[in-house]
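Containing TSV, C-alpha atoms: data.tsv.
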chain	number	residue	atom	x	y	z
Q	525	MET	CA	-148.54	-8.35	32.27
Q	526	ASP	CA	-147.92	-4.79	33.39
Q	527	TYR	CA	-146.42	-3.98	30.00
Q	528	PHE	CA	-149.96	-3.86	28.69
Q	529	SER	CA	-152.25	-1.17	29.96
Q	530	GLY	CA	-154.74	-2.12	32.67
Q	531	ARG	CA	-157.70	-2.22	30.32
Q	532	ILE	CA	-156.14	-4.56	27.80
Q	533	SER	CA	-154.84	-6.81	30.58
Q	534	ALA	CA	-158.36	-6.89	32.02
Q	535	LEU	CA	-159.82	-7.86	28.66
Q	536	ILE	CA	-157.18	-10.57	28.08
Q	537	GLU	CA	-157.90	-11.92	31.55
Q	538	GLN	CA	-161.64	-12.05	30.84
Q	539	LEU	CA	-161.20	-13.70	27.45
Q	540	SER	CA	-158.78	-16.33	28.74
Q	541	GLN	CA	-161.49	-17.59	31.10
Q	542	LEU	CA	-163.52	-18.79	28.13
Q	543	PRO	CA	-163.28	-22.49	27.31
Q	544	GLY	CA	-160.66	-23.36	24.70
Q	545	ILE	CA	-159.12	-19.87	24.80
Q	546	GLY	CA	-155.56	-19.95	26.14
Q	547	PRO	CA	-153.52	-16.88	27.13
Q	548	LYS	CA	-152.08	-16.55	23.60
Q	549	SER	CA	-155.46	-16.70	21.87
Q	550	ALA	CA	-156.90	-14.30	24.45
Q	551	GLN	CA	-154.14	-11.82	23.63
Q	552	ARG	CA	-154.73	-12.18	19.90
Q	553	LEU	CA	-158.47	-11.74	20.34
Q	554	ALA	CA	-158.05	-8.72	22.61
Q	555	PHE	CA	-155.83	-6.86	20.16
Q	556	TYR	CA	-158.14	-7.80	17.33
Q	557	ILE	CA	-161.14	-6.48	19.22
Q	558	VAL	CA	-159.58	-3.13	20.08
Q	559	SER	CA	-158.61	-2.70	16.43
Q	560	GLN	CA	-162.23	-3.04	15.26
Q	561	PRO	CA	-164.74	-0.20	14.80
Q	562	GLU	CA	-166.43	0.66	18.06
Q	563	GLU	CA	-169.86	-0.09	16.68
Q	564	LYS	CA	-168.80	-3.64	15.80
Q	565	VAL	CA	-167.46	-4.22	19.31
Q	566	LYS	CA	-170.70	-2.82	20.68
Q	567	ARG	CA	-172.69	-5.31	18.61
Q	568	LEU	CA	-170.64	-8.18	20.04
Q	569	ALA	CA	-170.99	-6.92	23.63
Q	570	ASP	CA	-174.74	-6.47	23.14
Q	571	SER	CA	-175.12	-9.95	21.66
Q	572	LEU	CA	-173.42	-11.47	24.69
Q	573	LEU	CA	-175.67	-9.74	27.18
Q	574	ASP	CA	-178.79	-10.07	25.10
Q	575	ALA	CA	-178.33	-13.82	24.68
Q	576	ARG	CA	-177.54	-14.30	28.36
Q	577	ARG	CA	-180.51	-12.25	29.53
Q	578	ASN	CA	-183.15	-13.62	27.23
Q	579	LEU	CA	-182.42	-17.30	26.89
Q	580	HIS	CA	-184.11	-19.89	29.06
Q	581	TYR	CA	-185.10	-23.52	28.82
Q	582	CYS	CA	-187.80	-24.60	26.36
Q	583	ARG	CA	-190.90	-25.56	28.36
Q	584	GLU	CA	-191.04	-28.85	26.47
Q	585	CYS	CA	-187.54	-30.12	25.70
Q	586	CYS	CA	-185.35	-27.94	27.96
Q	587	THR	CA	-183.10	-26.72	25.14
Q	588	LEU	CA	-182.07	-23.07	25.25
Q	589	THR	CA	-184.46	-20.76	23.47
Q	590	ASP	CA	-185.73	-17.20	23.61
Q	591	SER	CA	-189.36	-18.12	23.07
Q	592	GLU	CA	-191.48	-20.13	25.50
Q	593	ILE	CA	-191.29	-23.18	23.25
Q	594	CYS	CA	-188.27	-23.79	20.99
Q	595	PRO	CA	-188.62	-23.80	17.17
Q	596	ILE	CA	-188.35	-27.60	17.05
Q	597	CYS	CA	-191.05	-28.32	19.64
Q	598	ALA	CA	-193.24	-25.64	18.05
Q	599	ASN	CA	-192.93	-27.24	14.59
Q	600	PRO	CA	-196.13	-29.19	13.85
Q	601	LYS	CA	-194.25	-31.38	11.35
Q	602	ARG	CA	-192.02	-32.91	14.03
Q	603	ASP	CA	-193.07	-36.26	15.47
Q	604	LYS	CA	-193.74	-35.55	19.16
Q	605	ARG	CA	-193.98	-39.26	19.94
Q	606	THR	CA	-190.26	-39.85	19.34
Q	607	ILE	CA	-187.93	-38.17	21.81
Q	608	MET	CA	-184.16	-38.15	21.41
Q	609	VAL	CA	-182.38	-37.55	24.71
Q	610	VAL	CA	-179.11	-35.57	24.41
Q	611	GLU	CA	-176.71	-34.05	26.92
Q	612	THR	CA	-176.41	-30.53	25.49
Q	613	PRO	CA	-178.00	-28.14	22.98
Q	614	ARG	CA	-174.84	-28.63	20.91
Q	615	ASP	CA	-175.60	-32.34	20.60
Q	616	LEU	CA	-179.09	-31.40	19.47
Q	617	ALA	CA	-177.51	-29.12	16.86
Q	618	ALA	CA	-175.27	-31.95	15.67
Q	619	TYR	CA	-178.29	-34.18	14.96
Q	620	GLU	CA	-180.28	-31.34	13.43
Q	621	LYS	CA	-177.47	-30.81	10.94
Q	622	THR	CA	-178.07	-34.29	9.55
Q	623	GLY	CA	-181.48	-32.99	8.45
Q	624	LYS	CA	-182.91	-36.53	8.73
Q	625	TYR	CA	-184.24	-36.75	12.26
Q	626	THR	CA	-187.91	-35.85	12.40
Q	627	GLY	CA	-188.67	-36.46	16.09
Q	628	VAL	CA	-188.18	-34.04	18.97
Q	629	TYR	CA	-185.46	-33.81	21.62
Q	630	HIS	CA	-184.93	-33.70	25.33
Q	631	VAL	CA	-181.86	-31.84	26.56
Q	632	LEU	CA	-180.50	-33.08	29.91
Q	633	HIS	CA	-177.93	-30.30	30.34
Q	634	GLY	CA	-175.31	-32.71	31.59
Q	635	ALA	CA	-174.79	-36.37	32.38
Q	636	ILE	CA	-174.72	-38.36	35.60
Q	637	SER	CA	-171.19	-38.37	36.99
Q	638	PRO	CA	-170.54	-39.78	40.46
Q	639	MET	CA	-166.94	-38.54	40.06
Q	640	LEU	CA	-168.05	-34.93	39.67
Q	641	GLY	CA	-170.91	-35.33	42.12
Q	642	ILE	CA	-173.58	-34.92	39.44
Q	643	GLY	CA	-176.57	-37.07	40.28
Q	644	PRO	CA	-179.89	-37.77	38.50
Q	645	ASP	CA	-181.48	-34.74	40.19
Q	646	ASP	CA	-178.86	-32.39	38.76
Q	647	ILE	CA	-179.87	-33.00	35.15
Q	648	ARG	CA	-183.26	-32.47	33.50
Q	649	LEU	CA	-184.56	-35.98	34.09
Q	650	LYS	CA	-187.73	-35.11	35.99
Q	651	GLU	CA	-188.80	-33.02	33.00
Q	652	LEU	CA	-188.26	-36.06	30.75
Q	653	MET	CA	-190.32	-38.31	33.01
Q	654	ARG	CA	-193.14	-35.77	32.95
Q	655	ARG	CA	-193.15	-35.84	29.14
Q	656	LEU	CA	-193.50	-39.63	29.18
Q	657	GLU	CA	-196.90	-39.26	30.84
Q	658	GLY	CA	-198.11	-38.11	27.43
Q	659	ASP	CA	-198.24	-40.17	24.23
Q	660	VAL	CA	-194.65	-41.29	23.58
Q	661	LYS	CA	-193.69	-44.18	21.30
Q	662	GLU	CA	-189.91	-44.26	21.57
Q	663	VAL	CA	-187.11	-42.67	23.57
Q	664	ILE	CA	-183.77	-42.66	21.73
Q	665	ILE	CA	-180.88	-42.17	24.12
Q	666	ALA	CA	-178.14	-40.21	22.39
Q	667	THR	CA	-175.94	-39.28	25.34
Q	668	ASN	CA	-172.20	-39.31	24.64
Q	669	SER	CA	-170.30	-42.54	24.34
Q	670	SER	CA	-168.26	-41.61	27.45
Q	671	LEU	CA	-168.37	-43.18	30.92
Q	672	GLU	CA	-170.82	-40.49	32.07
Q	673	GLY	CA	-172.92	-40.76	28.92
Q	674	GLU	CA	-173.16	-44.55	29.25
Q	675	THR	CA	-174.02	-44.34	32.95
Q	676	THR	CA	-176.75	-41.84	32.14
Q	677	ALA	CA	-178.09	-44.03	29.33
Q	678	MET	CA	-178.29	-47.07	31.62
Q	679	TYR	CA	-179.97	-45.05	34.36
Q	680	ILE	CA	-182.58	-43.59	32.04
Q	681	SER	CA	-183.38	-46.92	30.40
Q	682	LYS	CA	-183.99	-48.55	33.79
Q	683	LEU	CA	-186.19	-45.63	34.79
Q	684	ILE	CA	-188.27	-45.61	31.64
Q	685	LYS	CA	-188.72	-49.28	30.75
Q	686	PRO	CA	-191.27	-49.99	33.51
Q	687	ALA	CA	-193.48	-47.33	31.92
Q	688	GLY	CA	-193.71	-49.56	28.83
Q	689	VAL	CA	-192.03	-47.08	26.49
Q	690	LYS	CA	-189.58	-48.39	23.88
Q	691	VAL	CA	-186.05	-47.25	24.74
Q	692	THR	CA	-183.20	-47.38	22.20
Q	693	ARG	CA	-179.56	-46.31	22.22
Q	694	ILE	CA	-177.71	-44.87	19.22
Q	695	ALA	CA	-175.09	-47.26	17.82
Q	696	SER	CA	-171.50	-47.13	18.90
Q	697	GLY	CA	-168.82	-48.21	16.41
Q	698	VAL	CA	-166.28	-47.20	13.81
Q	699	PRO	CA	-166.95	-43.69	12.43
Q	700	VAL	CA	-167.64	-43.49	8.70
Q	701	GLY	CA	-164.38	-42.85	6.87
Q	702	GLY	CA	-162.46	-43.95	9.97
Q	703	ASP	CA	-159.27	-45.91	9.50
Q	704	LEU	CA	-159.40	-49.07	11.60
Q	705	GLU	CA	-155.76	-48.79	12.60
Q	706	ASN	CA	-156.31	-45.40	14.21
Q	707	ILE	CA	-159.35	-46.38	16.24
Q	708	ASP	CA	-159.12	-47.28	19.92
Q	709	GLU	CA	-159.72	-50.86	21.07
Q	710	ILE	CA	-162.89	-50.16	23.00
Q	711	THR	CA	-164.52	-48.69	19.90
Q	712	LEU	CA	-163.34	-51.65	17.82
Q	713	LEU	CA	-164.87	-54.08	20.31
Q	714	ARG	CA	-168.10	-52.06	20.38
Q	715	ALA	CA	-168.23	-52.19	16.59
Q	716	LEU	CA	-167.74	-55.96	16.71
Q	717	GLU	CA	-170.45	-56.47	19.34
Q	718	GLY	CA	-172.84	-54.28	17.41
Q	719	ARG	CA	-172.28	-55.99	14.04
Q	720	THR	CA	-175.35	-56.42	11.85
Q	721	GLU	CA	-176.10	-59.00	9.20
Q	722	LEU	CA	-175.66	-58.03	5.55
W	796	MET	CA	-179.27	-22.67	12.10
W	797	ASP	CA	-182.97	-22.09	12.67
W	798	TYR	CA	-182.98	-24.88	15.24
W	799	PHE	CA	-181.31	-22.43	17.59
W	800	SER	CA	-183.23	-19.42	18.73
W	801	GLY	CA	-182.53	-16.12	17.01
W	802	ARG	CA	-180.49	-14.74	19.88
W	803	ILE	CA	-178.12	-17.66	20.17
W	804	SER	CA	-177.68	-17.76	16.39
W	805	ALA	CA	-176.87	-14.05	16.47
W	806	LEU	CA	-174.28	-14.59	19.18
W	807	ILE	CA	-172.70	-17.54	17.35
W	808	GLU	CA	-172.55	-15.44	14.20
W	809	GLN	CA	-170.82	-12.59	16.06
W	810	LEU	CA	-168.32	-14.88	17.77
W	811	SER	CA	-167.41	-16.73	14.60
W	812	GLN	CA	-166.21	-13.46	13.08
W	813	LEU	CA	-163.34	-13.33	15.59
W	814	PRO	CA	-159.95	-14.53	14.34
W	815	GLY	CA	-159.23	-18.20	15.02
W	816	ILE	CA	-162.82	-18.91	16.07
W	817	GLY	CA	-164.53	-21.31	13.67
W	818	PRO	CA	-168.25	-22.12	13.66
W	819	LYS	CA	-167.77	-25.02	16.10
W	820	SER	CA	-165.78	-22.99	18.63
W	821	ALA	CA	-168.26	-20.14	18.29
W	822	GLN	CA	-171.07	-22.53	19.15
W	823	ARG	CA	-169.19	-23.91	22.15
W	824	LEU	CA	-168.39	-20.40	23.37
W	825	ALA	CA	-171.96	-19.20	22.91
W	826	PHE	CA	-173.45	-22.02	24.96
W	827	TYR	CA	-170.79	-21.56	27.59
W	828	ILE	CA	-171.54	-17.86	27.82
W	829	VAL	CA	-175.28	-18.25	28.21
W	830	SER	CA	-174.67	-20.82	30.98
W	831	GLN	CA	-172.65	-18.31	33.04
W	832	PRO	CA	-174.02	-15.96	35.69
W	833	GLU	CA	-175.35	-12.77	34.15
W	834	GLU	CA	-172.95	-10.61	36.12
W	835	LYS	CA	-169.96	-12.50	34.70
W	836	VAL	CA	-171.24	-12.03	31.14
W	837	LYS	CA	-171.78	-8.37	31.90
W	838	ARG	CA	-168.17	-8.03	33.05
W	839	LEU	CA	-166.95	-9.55	29.77
W	840	ALA	CA	-169.21	-7.32	27.68
W	841	ASP	CA	-168.09	-4.26	29.64
W	842	SER	CA	-164.41	-5.19	29.26
W	843	LEU	CA	-164.83	-5.41	25.51
W	844	LEU	CA	-166.40	-2.00	25.19
W	845	ASP	CA	-164.23	-0.38	27.83
W	846	ALA	CA	-161.03	-1.56	26.16
W	847	ARG	CA	-162.22	-0.51	22.73
W	848	ARG	CA	-163.34	2.94	23.87
W	849	ASN	CA	-160.39	3.85	26.02
W	850	LEU	CA	-157.36	2.49	24.26
W	851	HIS	CA	-155.29	4.61	21.92
W	852	TYR	CA	-151.72	4.80	20.72
W	853	CYS	CA	-148.93	5.72	23.15
W	854	ARG	CA	-147.69	9.20	22.27
W	855	GLU	CA	-144.13	7.87	22.21
W	856	CYS	CA	-144.03	4.32	20.90
W	857	CYS	CA	-147.52	3.91	19.35
W	858	THR	CA	-148.38	0.77	21.33
W	859	LEU	CA	-151.94	0.50	22.61
W	860	THR	CA	-152.44	2.01	26.03
W	861	ASP	CA	-155.08	3.70	28.14
W	862	SER	CA	-152.76	6.38	29.47
W	863	GLU	CA	-151.13	9.10	27.39
W	864	ILE	CA	-147.78	7.34	27.60
W	865	CYS	CA	-147.53	3.55	27.97
W	866	PRO	CA	-146.03	1.95	31.12
W	867	ILE	CA	-142.82	1.07	29.25
W	868	CYS	CA	-142.15	4.55	27.88
W	869	ALA	CA	-143.09	6.02	31.27
W	870	ASN	CA	-140.59	3.80	33.10
W	871	PRO	CA	-137.48	5.86	33.93
W	872	LYS	CA	-135.38	2.66	34.12
W	873	ARG	CA	-135.83	1.87	30.44
W	874	ASP	CA	-133.10	2.96	28.05
W	875	LYS	CA	-134.77	5.48	25.74
W	876	ARG	CA	-131.78	5.51	23.41
W	877	THR	CA	-132.39	1.96	22.21
W	878	ILE	CA	-135.57	1.46	20.18
W	879	MET	CA	-136.82	-1.95	19.09
W	880	VAL	CA	-139.16	-1.73	16.10
W	881	VAL	CA	-141.94	-4.34	16.09
W	882	GLU	CA	-145.02	-4.91	13.95
W	883	THR	CA	-147.65	-5.32	16.67
W	884	PRO	CA	-148.22	-4.89	20.43
W	885	ARG	CA	-148.20	-8.69	20.64
W	886	ASP	CA	-144.63	-8.75	19.35
W	887	LEU	CA	-143.77	-6.21	22.03
W	888	ALA	CA	-145.36	-8.51	24.59
W	889	ALA	CA	-143.32	-11.45	23.32
W	890	TYR	CA	-140.04	-9.57	23.91
W	891	GLU	CA	-141.23	-8.20	27.26
W	892	LYS	CA	-141.82	-11.76	28.44
W	893	THR	CA	-138.11	-12.50	28.04
W	894	GLY	CA	-137.58	-9.94	30.82
W	895	LYS	CA	-134.14	-9.12	29.41
W	896	TYR	CA	-134.73	-6.25	27.02
W	897	THR	CA	-134.23	-2.91	28.74
W	898	GLY	CA	-134.73	-0.50	25.84
W	899	VAL	CA	-138.02	0.89	24.54
W	900	TYR	CA	-140.15	-0.06	21.54
W	901	HIS	CA	-141.76	1.36	18.48
W	902	VAL	CA	-144.91	-0.35	17.25
W	903	LEU	CA	-145.53	-0.02	13.50
W	904	HIS	CA	-149.02	-1.59	13.53
W	905	GLY	CA	-148.35	-3.55	10.39
W	906	ALA	CA	-145.69	-4.16	7.80
W	907	ILE	CA	-145.14	-2.92	4.28
W	908	SER	CA	-146.91	-5.24	1.83
W	909	PRO	CA	-147.19	-4.27	-1.83
W	910	MET	CA	-149.40	-7.34	-2.28
W	911	LEU	CA	-151.97	-6.05	0.20
W	912	GLY	CA	-151.45	-2.44	-0.86
W	913	ILE	CA	-149.90	-1.45	2.48
W	914	GLY	CA	-147.23	1.20	1.89
W	915	PRO	CA	-144.81	3.01	4.21
W	916	ASP	CA	-147.43	5.69	4.94
W	917	ASP	CA	-149.89	3.10	6.22
W	918	ILE	CA	-147.70	2.06	9.16
W	919	ARG	CA	-146.34	4.21	12.01
W	920	LEU	CA	-143.06	5.07	10.30
W	921	LYS	CA	-143.35	8.85	10.41
W	922	GLU	CA	-143.68	8.59	14.19
W	923	LEU	CA	-140.46	6.54	14.30
W	924	MET	CA	-138.58	9.09	12.19
W	925	ARG	CA	-139.71	11.85	14.54
W	926	ARG	CA	-138.29	9.94	17.52
W	927	LEU	CA	-134.92	9.69	15.76
W	928	GLU	CA	-134.59	13.46	15.90
W	929	GLY	CA	-133.91	12.95	19.61
W	930	ASP	CA	-130.96	11.16	21.17
W	931	VAL	CA	-131.09	7.59	19.79
W	932	LYS	CA	-128.14	5.19	19.82
W	933	GLU	CA	-129.53	2.10	18.17
W	934	VAL	CA	-132.62	0.96	16.30
W	935	ILE	CA	-133.17	-2.81	16.50
W	936	ILE	CA	-135.51	-4.01	13.77
W	937	ALA	CA	-137.60	-6.90	15.06
W	938	THR	CA	-140.24	-7.14	12.36
W	939	ASN	CA	-141.32	-10.68	11.50
W	940	SER	CA	-139.13	-12.95	9.44
W	941	SER	CA	-141.79	-13.00	6.69
W	942	LEU	CA	-141.64	-11.40	3.24
W	943	GLU	CA	-143.48	-8.32	4.57
W	944	GLY	CA	-141.35	-8.16	7.69
W	945	GLU	CA	-138.12	-8.36	5.68
W	946	THR	CA	-139.31	-5.76	3.19
W	947	THR	CA	-140.17	-3.44	6.06
W	948	ALA	CA	-136.80	-4.05	7.73
W	949	MET	CA	-134.94	-3.20	4.51
W	950	TYR	CA	-137.04	-0.10	3.95
W	951	ILE	CA	-136.50	1.20	7.48
W	952	SER	CA	-132.77	0.55	7.46
W	953	LYS	CA	-132.36	2.50	4.20
W	954	LEU	CA	-134.43	5.32	5.65
W	955	ILE	CA	-132.56	5.52	8.96
W	956	LYS	CA	-128.93	4.90	8.03
W	957	PRO	CA	-128.34	8.34	6.45
W	958	ALA	CA	-129.26	9.84	9.85
W	959	GLY	CA	-126.15	8.15	11.27
W	960	VAL	CA	-128.08	5.92	13.69
W	961	LYS	CA	-126.93	2.33	14.19
W	962	VAL	CA	-129.49	-0.08	12.74
W	963	THR	CA	-129.51	-3.78	13.62
W	964	ARG	CA	-131.76	-6.72	12.75
W	965	ILE	CA	-132.63	-9.57	15.14
W	966	ALA	CA	-131.03	-12.87	14.08
W	967	SER	CA	-132.85	-15.37	11.93
W	968	GLY	CA	-132.01	-19.07	12.38
W	969	VAL	CA	-132.89	-22.38	13.93
W	970	PRO	CA	-135.15	-21.95	16.99
W	971	VAL	CA	-133.74	-23.24	20.29
W	972	GLY	CA	-134.82	-26.84	20.79
W	973	GLY	CA	-135.70	-27.05	17.08
W	974	ASP	CA	-135.04	-30.31	15.29
W	975	LEU	CA	-133.02	-29.62	12.16
W	976	GLU	CA	-134.93	-32.18	10.12
W	977	ASN	CA	-138.23	-30.37	10.72
W	978	ILE	CA	-137.02	-26.92	9.82
W	979	ASP	CA	-137.64	-25.40	6.41
W	980	GLU	CA	-134.79	-24.85	3.97
W	981	ILE	CA	-134.90	-21.07	4.00
W	982	THR	CA	-134.45	-21.02	7.77
W	983	LEU	CA	-131.60	-23.52	7.52
W	984	LEU	CA	-129.85	-21.34	4.94
W	985	ARG	CA	-130.39	-18.26	7.09
W	986	ALA	CA	-128.89	-20.06	10.07
W	987	LEU	CA	-125.88	-21.00	7.93
W	988	GLU	CA	-125.40	-17.45	6.64
W	989	GLY	CA	-125.70	-16.07	10.15
W	990	ARG	CA	-123.22	-18.50	11.72
W	991	THR	CA	-120.96	-17.07	14.40
W	992	GLU	CA	-117.51	-18.16	15.48
W	993	LEU	CA	-117.22	-20.24	18.67

Could you take the file, read its structure, and then write that structure out as structure tokens?
Amino acid sequence: MDYFSGRISALIEQLSQLPGIGPKSAQRLAFYIVSQPEEKVKRLADSLLDARRNLHYCRECCTLTDSEICPICANPKRDKRTIMVVETPRDLAAYEKTGKYTGVYHVLHGAISPMLGIGPDDIRLKELMRRLEGDVKEVIIATNSSLEGETTAMYISKLIKPAGVKVTRIASGVPVGGDLENIDEITLLRALEGRTEL
Amino acid sequence: MDYFSGRISALIEQLSQLPGIGPKSAQRLAFYIVSQPEEKVKRLADSLLDARRNLHYCRECCTLTDSEICPICANPKRDKRTIMVVETPRDLAAYEKTGKYTGVYHVLHGAISPMLGIGPDDIRLKELMRRLEGDVKEVIIATNSSLEGETTAMYISKLIKPAGVKVTRIASGVPVGGDLENIDEITLLRALEGRTEL
């Protein structure tokens, strides 16, 4: 790309390393950025560094936060006896958007994957076990419905059950509004297995 | 989004203002960024600011560059007597990727659009006219095949022709590999009008 100047090539190169940003999008973003007022670009650059430098794991639930305890764990209205286990802060955000879940979370930051060499010690499981020493009524496992997510769910349930804590798994089935004909067979079978009486 | 900490919300907000980045992508990018080593995030932030602060228009062709004259205009092998007029540096990049064009460019940084209130004085037309005072053989108009691009092409050709310079327009038609049945009618008619003898 020597037809661009070194600086714009460098920026395109940096941007195209971000997930979901291909070379074309990186180019579009780069030219957009250099066309913006300097102060706006400075705000973006500062946000990046500021977020990176000041975020760490919540002491309770391990989600990313800039305070010692995240806003959810610090909220006295949340039911601390119900813990939903998720893989990432984005999964936490997805459930928070429903506005209906009143318990707290535990963010694993990954899932067990023998394929990728990610074992139980590589995710925040020890931190979850420590929380179970307190007063916990139910652990809801909301890892993804993927091979890794299922493996992790099985592993956690085996680990927790002996402690006498109720362990549940979110339902797997046909998404609301989903057209049966477009849904894969495994999901259809899961939906059948998980059928409930009306 | 008060379930995220202030800093991550701020970063998501900043990222979602970029073109083609929706709230979901912004969230994914933000969490990716904070999971990266600080030095890598610093490099990205520095690239952003460095590009913004040090890029300006090439004195010849108005593309974005960090030197006084861009690498293409500075290349003695390029034919300075053939000028291809494009709307943006990205269009320039698209033609450079073909590796076949040996002339130089002129970047307008936009197109005439009465709808958006963008007139001839708002794009780099004066700079093009100044270049025509030199020794120019042909001006190839490669603005987009949109309403604005066509308007701009017409305007430029009327402006240049009296100067006795040859003005051409890149062909409009069916893209290579394009399936006729999926191509819009206007393009099909253009392809018909522009047919060449075999």

Once you count only C-alpha atoms, what closest atom pair and distance in Å to one decimal does each residue of chain Q within 9 Å of chain W have, with rows by chain and rising residue number, as a tab-separated table?
residue	atom	partner	partner_atom	distance
Q:Met525	CA	W:Ala888	CA	8.3
Q:Asp526	CA	W:Pro866	CA	7.4
Q:Tyr527	CA	W:Pro866	CA	6.0
Q:Phe528	CA	W:Thr860	CA	6.9
Q:Ser529	CA	W:Thr860	CA	5.1
Q:Gly530	CA	W:Asp861	CA	7.4
Q:Arg531	CA	W:Ala846	CA	5.4
Q:Ile532	CA	W:Ala846	CA	6.0
Q:Ala534	CA	W:Ser842	CA	6.9
Q:Leu535	CA	W:Ser842	CA	5.3
Q:Gln538	CA	W:Leu839	CA	6.0
Q:Leu539	CA	W:Leu839	CA	7.5
Q:Leu542	CA	W:Leu824	CA	7.0
Q:Pro543	CA	W:Leu824	CA	6.8
Q:Gly544	CA	W:Ser820	CA	7.9
Q:Ser549	CA	W:Gly815	CA	8.0
Q:Gln551	CA	W:Arg885	CA	7.3
Q:Arg552	CA	W:Arg885	CA	7.4
Q:Leu553	CA	W:Pro814	CA	6.8
Q:Ala554	CA	W:Leu843	CA	8.1
Q:Phe555	CA	W:Arg885	CA	7.9
Q:Tyr556	CA	W:Pro814	CA	7.6
Q:Ile557	CA	W:Arg847	CA	7.0
Q:Val558	CA	W:Arg847	CA	4.6
Q:Ser559	CA	W:Arg847	CA	7.6
Q:Gln560	CA	W:Arg847	CA	7.9
Q:Pro561	CA	W:Arg847	CA	8.3
Q:Glu562	CA	W:Arg847	CA	6.4
Q:Val565	CA	W:Leu844	CA	6.4
Q:Lys566	CA	W:Leu844	CA	6.3
Q:Arg567	CA	W:Gln809	CA	7.9
Q:Leu568	CA	W:Gln809	CA	5.9
Q:Ala569	CA	W:Ala840	CA	4.4
Q:Asp570	CA	W:Ala840	CA	7.2
Q:Ser571	CA	W:Leu806	CA	5.3
Q:Leu572	CA	W:Leu806	CA	6.4
Q:Leu573	CA	W:Lys837	CA	6.3
Q:Asp574	CA	W:Arg802	CA	7.2
Q:Ala575	CA	W:Arg802	CA	5.3
Q:Arg576	CA	W:Val829	CA	4.6
Q:Arg577	CA	W:Glu833	CA	6.9
Q:Asn578	CA	W:Arg802	CA	7.9
Q:Leu579	CA	W:Val829	CA	7.3
Q:Thr587	CA	W:Phe799	CA	8.9
Q:Leu588	CA	W:Ser800	CA	7.6
Q:Thr589	CA	W:Ser800	CA	5.1
Q:Asp590	CA	W:Ser800	CA	5.9
Q:Ser591	CA	W:Ser800	CA	7.6
Q:Cys594	CA	W:Ser800	CA	7.0
Q:Pro595	CA	W:Tyr798	CA	6.1
Q:Ile596	CA	W:Tyr798	CA	6.3
Q:Pro613	CA	W:Phe826	CA	7.9
Q:Arg614	CA	W:Gln822	CA	7.4
Q:Leu616	CA	W:Tyr798	CA	8.7
Q:Ala617	CA	W:Tyr798	CA	7.1
Q:Glu620	CA	W:Tyr798	CA	7.2
Q:Lys621	CA	W:Met796	CA	8.4

Output as lines of an AutoDock Vina configuration file the centre and edge lengths (Å, one decimal) of the box along x, y and z of the file that holds every listed atom of segment 864-873 of chain W after adding 3 Å on each side.
center_x = -141.6
center_y = 4.2
center_z = 30.9
size_x = 18.4
size_y = 12.3
size_z = 12.5

Between atom CA of Ile936 of chain W and atom CA of Val962 of chain W, what distance in Å does the model show, to one decimal?
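Between atom CA of Ile936 of chain W and atom CA of Val962 of chain W the gap is 7.3 Å.
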
Computed gap from atom CA of Glu922 of chain W to atom CA of Glu945 of chain W is 19.8 Å

Distance criterion (all atoms listed in the file): nearest to Val931 of chain W out of W:Ser967, W:Ser908, W:Thr991, W:Thr877
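The closest residue to Val931 of chain W is W:Thr877.
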
So how many Å separate atom CA of Thr963 of chain W and atom CA of Tyr950 of chain W, to one decimal?
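So the two atoms, atom CA of Thr963 of chain W and atom CA of Tyr950 of chain W, lie 12.8 Å apart.
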
Hey, which of Q:Ala715, Q:Ile710, Q:Leu683, Q:Cys582 ends up closest to Val698 of chain Q? Count all atoms listed in the file.
Q:Ala715

If we count all atoms listed in the file and set the cut-off at 12 Å, which residues sit around Leu716 of chain Q, ignoring sequence neighbours fewer than 2 positions away in its own chain? Please answer as a list in words.
Ala695, Ser696, Gly697, Val698, Leu704, Glu709, Ile710, Thr711, Leu712, Leu713, Arg714, Gly718, Arg719, Thr720 and Glu721 of chain Q

Working from the structure I just supplied, which lacks atoms in segment 961-965 of chain W, can you model N, CA, C and O atoms there and output them as an mmCIF file, keeping the file's coordinate frame?
data_model
loop_
_atom_site.group_PDB
_atom_site.id
_atom_site.type_symbol
_atom_site.label_atom_id
_atom_site.label_comp_id
_atom_site.auth_asym_id
_atom_site.auth_seq_id
_atom_site.Cartn_x
_atom_site.Cartn_y
_atom_site.Cartn_z
ATOM 1 N N LYS W 961 -127.244 3.742 14.370
ATOM 2 C CA LYS W 961 -126.930 2.330 14.190
ATOM 3 C C LYS W 961 -128.226 1.540 14.019
ATOM 4 O O LYS W 961 -129.165 1.682 14.813
ATOM 5 N N VAL W 962 -128.288 0.727 12.981
ATOM 6 C CA VAL W 962 -129.490 -0.080 12.740
ATOM 7 C C VAL W 962 -129.113 -1.551 12.771
ATOM 8 O O VAL W 962 -128.198 -1.957 12.057
ATOM 9 N N THR W 963 -129.789 -2.345 13.587
ATOM 10 C CA THR W 963 -129.510 -3.780 13.620
ATOM 11 C C THR W 963 -130.800 -4.564 13.353
ATOM 12 O O THR W 963 -131.906 -4.021 13.425
ATOM 13 N N ARG W 964 -130.620 -5.843 13.042
ATOM 14 C CA ARG W 964 -131.760 -6.720 12.750
ATOM 15 C C ARG W 964 -131.628 -7.932 13.658
ATOM 16 O O ARG W 964 -130.521 -8.472 13.782
ATOM 17 N N ILE W 965 -132.718 -8.377 14.290
ATOM 18 C CA ILE W 965 -132.630 -9.570 15.140
ATOM 19 C C ILE W 965 -132.237 -10.760 14.252
ATOM 20 O O ILE W 965 -132.561 -10.806 13.060
#
